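Next comes start-v8.tsv, with TSV, C-alpha atoms.
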```tsv
chain	number	residue	atom	x	y	z
C	1	MET	CA	69.51	-15.17	11.55
C	2	GLU	CA	70.17	-16.56	8.08
C	3	ASN	CA	72.52	-13.66	7.32
C	4	ARG	CA	74.42	-14.35	10.56
C	5	GLU	CA	74.70	-18.11	9.66
C	6	GLN	CA	75.90	-17.26	6.15
C	7	GLY	CA	78.42	-14.86	7.63
C	8	ARG	CA	79.61	-17.53	9.99
C	9	ASP	CA	79.91	-20.09	7.11
C	10	LYS	CA	81.88	-17.61	5.06
C	11	THR	CA	84.18	-16.98	8.00
C	12	LEU	CA	84.68	-20.72	8.44
C	13	ILE	CA	85.39	-21.18	4.79
C	14	THR	CA	87.70	-18.21	4.38
C	15	ASP	CA	89.63	-18.57	7.68
C	16	PRO	CA	92.40	-21.24	7.09
C	17	LYS	CA	93.11	-21.70	10.78
C	18	LYS	CA	89.51	-22.50	11.54
C	19	ILE	CA	89.32	-24.83	8.52
C	20	ASN	CA	92.29	-26.77	9.81
C	21	ALA	CA	90.81	-26.91	13.31
C	22	ALA	CA	87.51	-28.15	11.86
C	23	HIS	CA	89.27	-30.84	9.92
C	24	GLU	CA	91.07	-31.95	13.01
C	25	ASN	CA	87.76	-32.17	15.00
C	26	VAL	CA	85.86	-34.02	12.29
C	27	GLN	CA	84.65	-37.41	13.48
C	28	LEU	CA	84.00	-40.10	10.98
C	29	ILE	CA	80.88	-42.18	11.61
C	30	GLU	CA	80.17	-45.49	10.02
C	31	TRP	CA	76.90	-45.86	8.20
C	32	GLU	CA	75.75	-48.58	10.42
C	33	ASP	CA	76.18	-46.28	13.41
C	34	PHE	CA	74.61	-43.28	11.73
C	35	ASP	CA	71.11	-44.00	13.04
C	36	ASN	CA	72.36	-44.46	16.54
C	37	GLU	CA	74.44	-41.33	16.37
C	38	LEU	CA	71.56	-39.42	14.86
C	39	ALA	CA	69.27	-40.62	17.63
C	40	ARG	CA	71.88	-39.64	20.20
C	41	LEU	CA	72.26	-36.20	18.69
C	42	TRP	CA	68.50	-35.83	18.63
C	43	SER	CA	68.25	-36.74	22.29
C	44	LEU	CA	71.09	-34.35	23.10
C	45	THR	CA	69.32	-31.63	21.16
C	46	SER	CA	66.11	-32.32	23.07
C	47	ALA	CA	68.00	-32.33	26.35
C	48	LEU	CA	69.72	-29.05	25.41
C	49	LYS	CA	66.39	-27.56	24.50
C	50	GLU	CA	64.89	-28.64	27.81
C	51	ALA	CA	67.94	-27.30	29.60
C	52	ASN	CA	67.57	-23.99	27.81
C	53	GLU	CA	63.88	-23.88	28.68
C	54	LYS	CA	64.67	-24.65	32.32
C	55	LYS	CA	67.40	-22.04	32.23
C	56	GLN	CA	64.97	-19.50	30.79
C	57	SER	CA	62.42	-20.44	33.44
C	58	LEU	CA	65.01	-20.16	36.18
C	59	GLN	CA	66.11	-16.81	34.81
C	60	GLU	CA	62.53	-15.57	34.88
C	61	LYS	CA	62.06	-16.86	38.41
C	62	LEU	CA	65.40	-15.35	39.46
C	63	GLN	CA	64.42	-12.03	37.90
C	64	SER	CA	61.11	-12.08	39.73
C	65	LEU	CA	62.90	-12.94	42.96
C	66	ILE	CA	65.38	-10.13	42.40
C	67	GLN	CA	62.50	-7.76	41.74
C	68	VAL	CA	60.72	-8.97	44.87
C	69	LYS	CA	63.96	-8.58	46.85
C	70	THR	CA	64.44	-5.08	45.49
C	71	GLU	CA	60.88	-4.14	46.39
C	72	SER	CA	61.32	-5.65	49.83
C	73	LEU	CA	64.55	-3.66	50.33
C	74	ASN	CA	62.76	-0.51	49.25
C	75	LYS	CA	59.94	-1.29	51.65
C	76	LEU	CA	62.49	-1.96	54.38
C	77	ASN	CA	64.17	1.40	53.75
C	78	GLU	CA	60.81	3.12	53.83
C	79	LEU	CA	60.01	1.31	57.07
C	80	GLU	CA	63.32	2.43	58.56
C	81	GLU	CA	62.65	6.03	57.54
C	82	MET	CA	59.17	5.80	59.00
C	83	ASN	CA	60.66	4.32	62.18
C	84	GLU	CA	63.13	7.20	62.42
C	85	ARG	CA	60.31	9.68	61.91
C	86	LEU	CA	58.29	7.87	64.54
C	87	GLU	CA	61.19	8.04	67.02
C	88	ALA	CA	61.58	11.75	66.29
C	89	ARG	CA	57.86	12.21	66.84
C	90	LYS	CA	58.16	10.27	70.10
C	91	VAL	CA	60.96	12.60	71.28
C	92	VAL	CA	58.89	15.65	70.33
C	93	MET	CA	55.86	14.22	72.11
C	94	ALA	CA	58.00	13.47	75.19
C	95	ASN	CA	59.27	17.07	75.23
C	96	MET	CA	55.76	18.36	74.74
C	97	SER	CA	54.53	16.11	77.53
C	98	THR	CA	57.26	17.41	79.86
C	99	ARG	CA	56.44	20.99	78.96
C	100	CYS	CA	52.77	20.27	79.46
C	101	LYS	CA	53.48	18.86	82.93
C	102	VAL	CA	55.59	21.91	83.84
C	103	ALA	CA	52.89	24.23	82.49
C	104	THR	CA	50.25	22.30	84.41
C	105	GLU	CA	52.23	22.56	87.65
C	106	HIS	CA	52.83	26.26	87.04
C	107	ALA	CA	49.14	26.76	86.32
C	108	LYS	CA	48.28	24.92	89.54
C	109	LYS	CA	50.64	27.14	91.51
C	110	GLN	CA	49.21	30.23	89.85
C	111	GLU	CA	45.72	28.97	90.60
C	112	GLU	CA	46.64	28.43	94.25
C	113	MET	CA	48.18	31.90	94.43
C	114	LEU	CA	45.16	33.42	92.76
C	115	SER	CA	42.83	31.58	95.09
C	116	THR	CA	44.84	32.85	98.06
C	117	GLU	CA	44.73	36.38	96.69
C	118	VAL	CA	41.02	36.06	96.02
C	119	ARG	CA	40.45	34.90	99.60
C	120	SER	CA	42.56	37.77	100.92
C	121	LEU	CA	40.65	40.17	98.66
C	122	LEU	CA	37.38	38.79	99.98
C	123	VAL	CA	38.59	39.25	103.55
C	124	ALA	CA	39.85	42.74	102.71
C	125	GLY	CA	36.58	43.54	100.98
C	126	THR	CA	34.67	42.40	104.03
C	127	SER	CA	36.93	44.47	106.29
C	128	LEU	CA	36.58	47.42	103.94
C	129	SER	CA	32.81	47.17	103.97
C	130	VAL	CA	32.83	47.00	107.77
C	131	ALA	CA	35.19	49.99	107.95
C	132	ARG	CA	33.02	51.86	105.47
C	133	LYS	CA	29.95	51.23	107.59
C	134	ARG	CA	31.84	52.42	110.66
C	135	LEU	CA	33.01	55.51	108.79
C	136	GLN	CA	29.49	56.25	107.63
C	137	GLU	CA	28.27	55.83	111.19
C	138	ALA	CA	31.06	58.08	112.46
C	139	ASN	CA	30.24	60.70	109.82
C	140	ARG	CA	26.58	60.47	110.76
C	141	LEU	CA	27.46	60.98	114.41
C	142	LEU	CA	29.78	63.87	113.57
C	143	THR	CA	27.13	65.64	111.55
C	144	GLU	CA	24.96	65.68	114.61
C	145	GLU	CA	25.43	68.30	117.31
C	146	ARG	CA	26.51	65.74	119.90
C	147	GLY	CA	29.10	64.34	117.47
C	148	CYS	CA	30.83	67.71	117.08
C	149	VAL	CA	30.90	68.13	120.82
C	150	LYS	CA	32.37	64.68	121.25
C	151	LEU	CA	35.03	65.40	118.62
C	152	LYS	CA	35.98	68.64	120.33
C	153	ASN	CA	36.20	66.84	123.66
C	154	VAL	CA	38.50	64.23	122.13
C	155	GLN	CA	40.66	66.98	120.64
C	156	ARG	CA	40.83	68.73	123.99
C	157	MET	CA	41.82	65.48	125.67
C	158	LEU	CA	44.53	64.92	123.04
C	159	ARG	CA	45.87	68.46	123.45
C	160	ALA	CA	45.76	68.10	127.24
C	161	ARG	CA	47.78	64.89	126.94
C	162	GLN	CA	50.27	66.62	124.65
C	163	GLN	CA	50.45	69.53	127.07
C	164	TYR	CA	51.19	67.19	129.97
C	165	MET	CA	53.92	65.33	128.07
C	166	ILE	CA	55.55	68.58	126.94
C	167	SER	CA	55.36	69.94	130.50
C	168	GLN	CA	57.47	66.93	131.51
C	169	VAL	CA	59.99	68.00	128.86
C	170	SER	CA	59.92	71.49	130.36
C	171	LEU	CA	60.70	70.00	133.75
C	172	LEU	CA	63.42	67.84	132.27
C	173	TYR	CA	65.06	70.71	130.36
C	174	PRO	CA	64.03	73.96	132.12
C	175	VAL	CA	64.83	77.19	130.29
C	176	LYS	CA	65.35	80.08	132.72
C	177	ILE	CA	66.49	83.70	132.71
C	178	LEU	CA	69.88	84.35	134.28
C	179	VAL	CA	69.26	87.28	136.66
C	180	GLY	CA	72.38	87.44	138.77
C	181	PRO	CA	75.68	85.64	139.28
C	182	ALA	CA	74.02	82.80	141.19
C	183	GLN	CA	70.31	83.45	140.70
C	184	GLU	CA	67.98	82.19	138.02
C	185	GLN	CA	64.37	83.07	137.44
C	186	GLU	CA	61.64	81.14	135.61
C	187	LEU	CA	60.48	82.89	132.46
C	188	GLU	CA	56.80	82.67	133.32
C	189	SER	CA	55.83	86.14	132.17
C	190	TYR	CA	58.08	86.11	129.10
C	191	SER	CA	55.95	86.88	126.06
C	192	SER	CA	57.97	88.01	123.09
C	193	SER	CA	55.48	86.67	120.57
C	194	SER	CA	51.92	85.56	120.52
C	195	ARG	CA	49.51	83.89	118.17
C	196	LEU	CA	49.80	84.56	114.46
C	197	GLY	CA	48.26	87.86	113.58
C	198	ASN	CA	48.92	89.35	117.08
C	199	PRO	CA	52.66	89.81	117.41
C	200	SER	CA	53.86	91.41	120.62
C	201	ALA	CA	56.01	94.48	120.55
C	202	SER	CA	58.23	93.31	123.41
C	203	LYS	CA	61.87	92.75	122.57
C	204	PRO	CA	63.29	89.22	122.78
C	205	VAL	CA	65.51	88.42	125.72
C	206	ASN	CA	69.22	88.33	124.98
C	207	GLN	CA	70.52	84.88	124.04
C	208	GLY	CA	73.21	85.04	126.71
C	209	SER	CA	70.66	85.70	129.50
C	210	LEU	CA	68.90	82.32	129.04
C	211	THR	CA	70.07	78.94	130.34
C	212	ILE	CA	68.92	75.35	129.81
C	213	LEU	CA	69.42	73.02	132.73
C	214	GLY	CA	71.80	75.60	134.18
C	215	LEU	CA	73.98	75.84	131.05
C	216	ASN	CA	74.37	79.07	129.12
C	217	LEU	CA	74.39	78.81	125.30
C	218	THR	CA	76.88	81.16	123.65
C	219	LEU	CA	76.84	81.34	119.86
C	220	LEU	CA	79.94	83.53	119.55
C	221	PRO	CA	82.37	80.59	119.14
C	222	PHE	CA	80.19	79.33	116.27
C	223	THR	CA	80.83	82.54	114.34
C	224	LYS	CA	84.44	83.20	115.36
C	225	MET	CA	86.66	80.39	116.62
C	226	SER	CA	90.28	81.08	117.60
C	227	PHE	CA	93.12	79.50	119.53
C	228	PHE	CA	92.24	81.54	122.60
C	229	THR	CA	88.60	80.42	122.71
C	230	ASP	CA	87.65	78.87	126.04
C	231	LYS	CA	87.40	75.08	125.55
C	232	LYS	CA	85.06	74.71	128.54
C	233	GLU	CA	82.73	77.29	127.05
C	234	VAL	CA	82.72	75.35	123.77
C	235	GLN	CA	81.94	72.12	125.64
C	236	ARG	CA	79.12	73.79	127.61
C	237	SER	CA	77.60	75.12	124.38
C	238	ALA	CA	77.75	71.66	122.81
C	239	THR	CA	76.04	70.15	125.87
C	240	ALA	CA	73.35	72.85	125.82
C	241	LEU	CA	72.72	72.21	122.11
C	242	GLY	CA	72.43	68.48	122.87
C	243	TYR	CA	69.75	69.30	125.47
C	244	VAL	CA	67.90	71.51	123.00
C	245	ALA	CA	68.06	68.84	120.28
C	246	HIS	CA	66.66	66.20	122.63
C	247	ALA	CA	63.86	68.52	123.78
C	248	VAL	CA	62.95	69.40	120.19
C	249	SER	CA	62.91	65.73	119.24
C	250	LEU	CA	60.59	64.85	122.14
C	251	ILE	CA	58.23	67.76	121.46
C	252	ALA	CA	58.02	66.85	117.75
C	253	SER	CA	57.17	63.23	118.58
C	254	TYR	CA	54.47	64.30	121.06
C	255	LEU	CA	52.95	66.74	118.57
C	256	GLN	CA	53.30	64.12	115.82
C	257	VAL	CA	55.19	66.51	113.55
C	258	PRO	CA	57.89	65.00	111.29
C	259	LEU	CA	60.86	67.35	111.47
C	260	ARG	CA	62.09	68.80	108.21
C	261	TYR	CA	65.68	68.36	109.41
C	262	PRO	CA	65.89	65.08	111.41
C	263	LEU	CA	68.14	64.85	114.44
C	264	ARG	CA	70.65	62.18	115.37
C	265	LEU	CA	70.89	62.44	119.13
C	266	GLY	CA	74.19	61.87	120.89
C	267	GLY	CA	74.25	64.20	123.86
C	268	SER	CA	76.98	66.77	123.36
C	269	ARG	CA	77.87	65.06	120.07
C	270	SER	CA	74.51	65.35	118.33
C	271	TYR	CA	74.03	65.87	114.60
C	272	ILE	CA	71.30	67.30	112.38
C	273	ASN	CA	70.58	66.02	108.87
C	274	ASP	CA	69.89	68.04	105.75
C	275	HIS	CA	68.66	66.11	102.69
C	276	ALA	CA	68.88	69.10	100.37
C	277	SER	CA	72.59	69.74	100.99
C	278	SER	CA	73.61	66.30	99.67
C	279	ILE	CA	72.13	67.01	96.20
C	280	ASP	CA	74.21	68.92	93.69
C	281	PRO	CA	72.21	71.93	92.39
C	282	ALA	CA	73.69	71.45	88.90
C	283	SER	CA	72.20	67.97	88.67
C	284	SER	CA	68.70	68.97	89.75
C	285	ASP	CA	66.86	69.02	86.44
C	286	LEU	CA	63.32	67.89	85.76
C	287	SER	CA	64.36	64.45	84.46
C	288	LEU	CA	66.04	63.42	87.74
C	289	ASP	CA	64.62	60.18	89.06
C	290	THR	CA	62.90	60.63	92.41
C	291	THR	CA	63.93	57.17	93.59
C	292	LEU	CA	67.58	58.08	93.17
C	293	SER	CA	67.16	61.30	95.13
C	294	ALA	CA	65.34	59.38	97.87
C	295	ASN	CA	68.27	56.99	98.24
C	296	VAL	CA	70.84	59.82	98.57
C	297	LYS	CA	72.45	59.82	102.00
C	298	PRO	CA	71.62	63.06	103.85
C	299	ALA	CA	74.39	65.43	104.86
C	300	GLU	CA	75.09	65.57	108.61
C	301	PHE	CA	76.07	68.75	110.38
C	302	PRO	CA	77.52	68.74	113.91
C	303	LEU	CA	75.88	70.55	116.79
C	304	PHE	CA	79.28	70.99	118.44
C	305	LEU	CA	82.55	72.76	117.61
C	306	GLU	CA	85.27	70.47	118.91
C	307	GLY	CA	87.23	69.16	115.93
C	308	GLN	CA	84.63	70.52	113.47
C	309	ASP	CA	84.37	73.33	110.96
C	310	THR	CA	82.74	76.42	112.44
C	311	THR	CA	80.71	77.02	109.27
C	312	ARG	CA	79.16	73.54	109.41
C	313	ALA	CA	78.46	73.88	113.14
C	314	ALA	CA	76.83	77.30	112.65
C	315	TYR	CA	74.71	75.85	109.84
C	316	ALA	CA	73.66	73.01	112.18
C	317	VAL	CA	72.44	75.58	114.75
C	318	PHE	CA	70.56	77.35	111.96
C	319	LEU	CA	68.83	74.08	110.96
C	320	LEU	CA	67.95	73.36	114.61
C	321	ASN	CA	66.29	76.78	114.76
C	322	LYS	CA	64.43	75.91	111.56
C	323	ASP	CA	63.02	72.79	113.24
C	324	MET	CA	61.83	74.90	116.19
C	325	GLU	CA	60.34	77.40	113.75
C	326	GLN	CA	58.44	74.51	112.13
C	327	LEU	CA	57.02	73.46	115.52
C	328	LEU	CA	56.11	77.06	116.39
C	329	ASN	CA	54.32	77.50	113.07
C	330	PHE	CA	52.49	74.22	113.70
C	331	ILE	CA	50.90	75.63	116.85
C	332	GLY	CA	50.36	79.05	115.24
C	333	VAL	CA	53.23	81.05	116.73
C	334	LYS	CA	55.90	83.12	115.00
C	335	SER	CA	59.58	82.44	115.45
C	336	LEU	CA	61.81	84.97	117.24
C	337	GLY	CA	64.55	84.63	114.61
C	338	PRO	CA	67.31	82.26	113.56
C	339	ARG	CA	69.75	83.31	116.33
C	340	HIS	CA	67.42	82.87	119.36
C	341	VAL	CA	67.77	79.14	120.11
C	342	LEU	CA	66.80	79.06	123.78
C	343	ALA	CA	64.27	81.86	123.38
C	344	ASN	CA	62.46	79.93	120.63
C	345	LEU	CA	62.48	76.78	122.76
C	346	LYS	CA	61.16	78.69	125.76
C	347	GLU	CA	58.43	80.26	123.66
C	348	LEU	CA	57.47	76.85	122.27
C	349	LEU	CA	57.21	75.35	125.76
C	350	ARG	CA	55.27	78.36	127.09
C	351	CYS	CA	52.72	78.37	124.26
C	352	VAL	CA	52.04	74.63	124.48
C	353	GLN	CA	51.57	74.84	128.27
C	354	SER	CA	49.22	77.80	128.04
C	355	SER	CA	45.44	77.43	128.34
C	356	GLU	CA	44.97	78.83	124.85
C	357	TYR	CA	46.61	75.70	123.37
C	358	ILE	CA	43.84	73.43	124.68
C	359	ASP	CA	41.02	75.76	123.60
C	360	THR	CA	42.23	76.14	120.00
```
Could I get this file's structure written as structure tokens?
Amino acid sequence: MENREQGRDKTLITDPKKINAAHENVQLIEWEDFDNELARLWSLTSALKEANEKKQSLQEKLQSLIQVKTESLNKLNELEEMNERLEARKVVMANMSTRCKVATEHAKKQEEMLSTEVRSLLVAGTSLSVARKRLQEANRLLTEERGCVKLKNVQRMLRARQQYMISQVSLLYPVKILVGPAQEQELESYSSSSRLGNPSASKPVNQGSLTILGLNLTLLPFTKMSFFTDKKEVQRSATALGYVAHAVSLIASYLQVPLRYPLRLGGSRSYINDHASSIDPASSDLSLDTTLSANVKPAEFPLFLEGQDTTRAAYAVFLLNKDMEQLLNFIGVKSLGPRHVLANLKELLRCVQSSEYIDT
């Protein structure tokens, strides 16, 4: 401090401009007024000192207030951040609450479904236990001598019912031997084949000598069709094949045999289906999906010649014979061959209506 005051005095002494300014501001005081002026200066000094002290005090207070304000602003910012976090937490909790409600509703629905399934399982279990008891009782009855007799009687009754129904088919579509120009004879004694293991040596009747409902079935147009082929003969053959298809369909339903080649009946415009023909042999490898092959539309072959390919029509007749061969094998009889349509049908009707069918 003393060095600063000495520096200031030296500056005042050495600076001419400041010396002149000091001389101009010098105030002359009389001696009589010196005490008063000194007292005034003293009071001013005291007042200045008090003012400086007050200023220092105010500065300290202001500094403390600024510090308090700064801390309060910091607290306010922290509170705002906490408020934002709280709002975010509220949104998350709201989403979680919504998800919880959805999950609760879904769980309730699942519980209801499970309870329904459990009830149905209980009912099914009860029914299964009842059916099991009945089955055990039926097995017990069958193991007895009377049970076997009763089963055989039921089988005889079933075969008798099948025989009656197929006899109605025989009356509906009679197959007869054409003896003369206007005479027909029932093929009662015709026996070209018998039970498996006992084939007869008799020769099958010629295809052209048999009629169904008075119509002769000629297969020659199916092998060789020309412009000179008789259209009426073609129409009669188509009608006869429609009769045969209907008879085969009825017999299969009565015997409860699903035909390997299903029929689509339409009278003289009937078709026969072949599932194997619609599948390409090149695509039949082991990795082929069975569901895809099940959804493949079967190929249809016409049982008539008008407007159709002779090869497809001949193949349709072959498949129809295959269906009759399936029915003949079901009752234990051999087929007469793939070209004897009416003969196979007649043999099928004869064997089912015989007494041996009921006793087997």
Query raised in the report: Smallest atom-to-atom distance to Asn329 (chain C): which of C:Leu73, C:Cys351, C:Leu41, C:Ala240, using all atoms listed in the file?
Result: C:Cys351
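Atom to atom, CA of Leu213 (chain C) and CA of Ala238 (chain C) stand 13.0 Å apart.
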Taking all atoms of region 305-312 of chain C that the file lists, what box with edges along x, y and z, padded by 3 Å per side, do you get, with centre and edge lengths in Å to one decimal, as lines of an AutoDock Vina configuration file?
```
center_x = 83.2
center_y = 73.1
center_z = 114.1
size_x = 14.1
size_y = 13.9
size_z = 15.6
```
Query raised in the report: Distance CA of Tyr254 (chain C)-CA of Thr211 (chain C), one decimal place?
Result: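 Between CA of Tyr254 (chain C) and CA of Thr211 (chain C) the gap works out to 23.3 Å.
The nearest approach to Met165 (chain C) among the residues C:Leu349, C:Arg89, C:Lys297, C:Thr98, with only C-alpha atoms taken into account, belongs to C:Leu349.
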Report summary line: CA of Arg350 (chain C) to CA of Gln326 (chain C) measures 15.8 Å
Report task. Tell me which of C:Gln63, C:Thr104, C:Gln162, C:Ser127 sits closest to Ala252 (chain C), counting only C-alpha atoms. Result -> C:Gln162
Restore all heavy atoms in region 55-65 of chain C and list the result as a short mmCIF file (atom, residue, chain, number, x, y, z; two decimals), keeping the file's coordinate frame.
```
data_model
loop_
_atom_site.label_atom_id
_atom_site.label_comp_id
_atom_site.auth_asym_id
_atom_site.auth_seq_id
_atom_site.Cartn_x
_atom_site.Cartn_y
_atom_site.Cartn_z
N LYS C 55 66.57 -23.21 31.93
CA LYS C 55 67.40 -22.04 32.23
C LYS C 55 66.59 -20.75 32.09
O LYS C 55 66.67 -19.84 32.95
CB LYS C 55 68.58 -22.03 31.29
CG LYS C 55 69.53 -20.86 31.51
CD LYS C 55 70.67 -20.90 30.52
CE LYS C 55 71.59 -19.69 30.71
NZ LYS C 55 72.69 -19.68 29.73
N GLN C 56 65.80 -20.69 31.00
CA GLN C 56 64.97 -19.50 30.79
C GLN C 56 63.97 -19.34 31.93
O GLN C 56 63.74 -18.24 32.44
CB GLN C 56 64.25 -19.62 29.44
CG GLN C 56 63.45 -18.38 29.06
CD GLN C 56 64.35 -17.20 28.77
OE1 GLN C 56 65.52 -17.40 28.37
NE2 GLN C 56 63.83 -16.00 28.96
N SER C 57 63.38 -20.48 32.34
CA SER C 57 62.42 -20.44 33.44
C SER C 57 63.09 -19.99 34.74
O SER C 57 62.55 -19.17 35.49
CB SER C 57 61.77 -21.82 33.62
OG SER C 57 60.89 -21.81 34.72
N LEU C 58 64.29 -20.56 34.96
CA LEU C 58 65.01 -20.16 36.18
C LEU C 58 65.40 -18.68 36.14
O LEU C 58 65.35 -18.00 37.17
CB LEU C 58 66.26 -21.03 36.35
CG LEU C 58 66.00 -22.49 36.75
CD1 LEU C 58 67.30 -23.29 36.72
CD2 LEU C 58 65.37 -22.57 38.15
N GLN C 59 65.78 -18.23 34.92
CA GLN C 59 66.11 -16.81 34.81
C GLN C 59 64.91 -15.93 35.10
O GLN C 59 65.02 -14.90 35.78
CB GLN C 59 66.64 -16.52 33.39
CG GLN C 59 68.07 -17.00 33.16
CD GLN C 59 68.55 -16.67 31.76
OE1 GLN C 59 67.76 -16.23 30.93
NE2 GLN C 59 69.83 -16.93 31.50
N GLU C 60 63.74 -16.33 34.61
CA GLU C 60 62.53 -15.57 34.88
C GLU C 60 62.21 -15.56 36.37
O GLU C 60 61.87 -14.51 36.96
CB GLU C 60 61.37 -16.13 34.08
CG GLU C 60 61.51 -15.92 32.58
CD GLU C 60 60.39 -16.57 31.79
OE1 GLU C 60 59.55 -17.24 32.44
OE2 GLU C 60 60.34 -16.40 30.56
N LYS C 61 62.33 -16.79 36.98
CA LYS C 61 62.06 -16.86 38.41
C LYS C 61 63.07 -16.02 39.20
O LYS C 61 62.72 -15.32 40.17
CB LYS C 61 62.11 -18.31 38.88
CG LYS C 61 60.96 -19.15 38.38
CD LYS C 61 61.07 -20.57 38.90
CE LYS C 61 59.89 -21.45 38.41
NZ LYS C 61 59.98 -22.82 38.91
N LEU C 62 64.37 -16.13 38.76
CA LEU C 62 65.40 -15.35 39.46
C LEU C 62 65.15 -13.85 39.30
O LEU C 62 65.31 -13.08 40.27
CB LEU C 62 66.77 -15.72 38.89
CG LEU C 62 67.97 -15.03 39.55
CD1 LEU C 62 68.04 -15.39 41.03
CD2 LEU C 62 69.27 -15.46 38.85
N GLN C 63 64.72 -13.44 38.13
CA GLN C 63 64.42 -12.03 37.90
C GLN C 63 63.26 -11.57 38.77
O GLN C 63 63.29 -10.48 39.36
CB GLN C 63 64.08 -11.82 36.41
CG GLN C 63 63.96 -10.36 36.02
CD GLN C 63 65.29 -9.64 36.07
OE1 GLN C 63 66.34 -10.27 35.91
NE2 GLN C 63 65.24 -8.35 36.31
N SER C 64 62.25 -12.43 38.86
CA SER C 64 61.11 -12.08 39.73
C SER C 64 61.53 -12.02 41.19
O SER C 64 61.11 -11.12 41.93
CB SER C 64 59.98 -13.11 39.53
OG SER C 64 60.39 -14.39 39.94
N LEU C 65 62.41 -12.98 41.57
CA LEU C 65 62.90 -12.94 42.96
C LEU C 65 63.73 -11.69 43.23
O LEU C 65 63.62 -11.07 44.30
CB LEU C 65 63.72 -14.20 43.26
CG LEU C 65 62.94 -15.51 43.38
CD1 LEU C 65 63.89 -16.70 43.51
CD2 LEU C 65 62.00 -15.47 44.58
#
```
